[in-house]
Amino acid sequence: GLATVDALLPIVVDSLFRAFDADRVAIVLRSEDGTLEIRVARDTQGTDVQRAVPRAIVHGVAERQVALLTHDAREDTRTAGESVVRQAV
């Protein structure tokens, strides 16, 4: 049968961790009303990440409609923003 988006998200997250040396993965999707929702945010142990993804990252990625892989978001010009520095991403 057809899988739902929510059923596929954990599979996508697991694949991203296998493909990239990431500390955490977050998947942000646009809801029906146009707002951006963090649907999954996990660390390498599979624990749900409680702290929010900085707005600068969420909006930048959504605006460009691309994925983002960064070594240090605080020093990456694509993600530089006050919320990134404040949250020490």
# chains A, B, ... in the order shown; residues from 1 in each chain; ligands from 1

$ residues_around --residues "Asp6 in chain A" --least-positions-apart "4" --cutoff "12 Å" --atoms "only C-alpha atoms" --output "JSON list (two decimals) with C-alpha atoms, in the first residue's frame"
[["chain", "number", "residue", "atom", "x", "y", "z"],
["A", 2, "LEU", "CA", 0.94, 3.64, -0.12],
["A", 10, "PRO", "CA", 12.04, 8.01, 10.02],
["A", 11, "ILE", "CA", 13.34, 6.03, 7.04],
["A", 12, "VAL", "CA", 14.60, 9.23, 5.40],
["A", 13, "VAL", "CA", 16.28, 10.34, 8.65],
["A", 27, "ILE", "CA", 13.14, 17.59, 8.33],
["A", 28, "VAL", "CA", 11.01, 20.68, 7.87],
["A", 29, "LEU", "CA", 7.90, 20.58, 5.70],
["A", 38, "ILE", "CA", 9.69, 20.69, 11.99],
["A", 39, "ARG", "CA", 8.35, 17.19, 11.45],
["A", 40, "VAL", "CA", 11.42, 15.27, 12.67]]

$ select_by_dssp --residues "chain A" --states "helix (DSSP H, G or I)" --output "PyMOL selection string"
chain A and resi 5-19+55-64+82-87

$ residues_around --residues "Asp43 in chain A" --least-positions-apart "6" --cutoff "10 Å" --atoms "only C-alpha atoms" --output "short mmCIF file (atom, residue, chain, number, x, y, z; two decimals) with C-alpha atoms, in the first residue's frame"
data_model
loop_
_atom_site.label_atom_id
_atom_site.label_comp_id
_atom_site.auth_asym_id
_atom_site.auth_seq_id
_atom_site.Cartn_x
_atom_site.Cartn_y
_atom_site.Cartn_z
CA VAL A 13 16.28 10.34 8.65
CA PHE A 17 22.54 9.57 9.05
CA ALA A 22 25.80 14.45 10.83
CA ASP A 23 25.28 15.25 14.51
CA ARG A 24 21.57 15.74 13.98
CA VAL A 25 18.98 15.73 11.23
CA ALA A 26 15.84 17.81 10.96
CA VAL A 49 16.05 16.82 19.62
CA GLN A 50 14.19 19.12 21.96
#

$ atom_distance --atom1 "CA of Gly34 in chain A" --atom2 "CA of Ala67 in chain A"
18.4 Å

$ atom_distance --atom1 "CA of Glu37 in chain A" --atom2 "CA of Val58 in chain A"
9.1 Å

$ atom_distance --atom1 "CA of Gln45 in chain A" --atom2 "CA of Ala19 in chain A"
15.3 Å

$ closest_residue --among "A:Ala56, A:Asp76, A:Asp48, A:Leu69" --to "Asp21 in chain A" --atoms "only C-alpha atoms"
A:Leu69
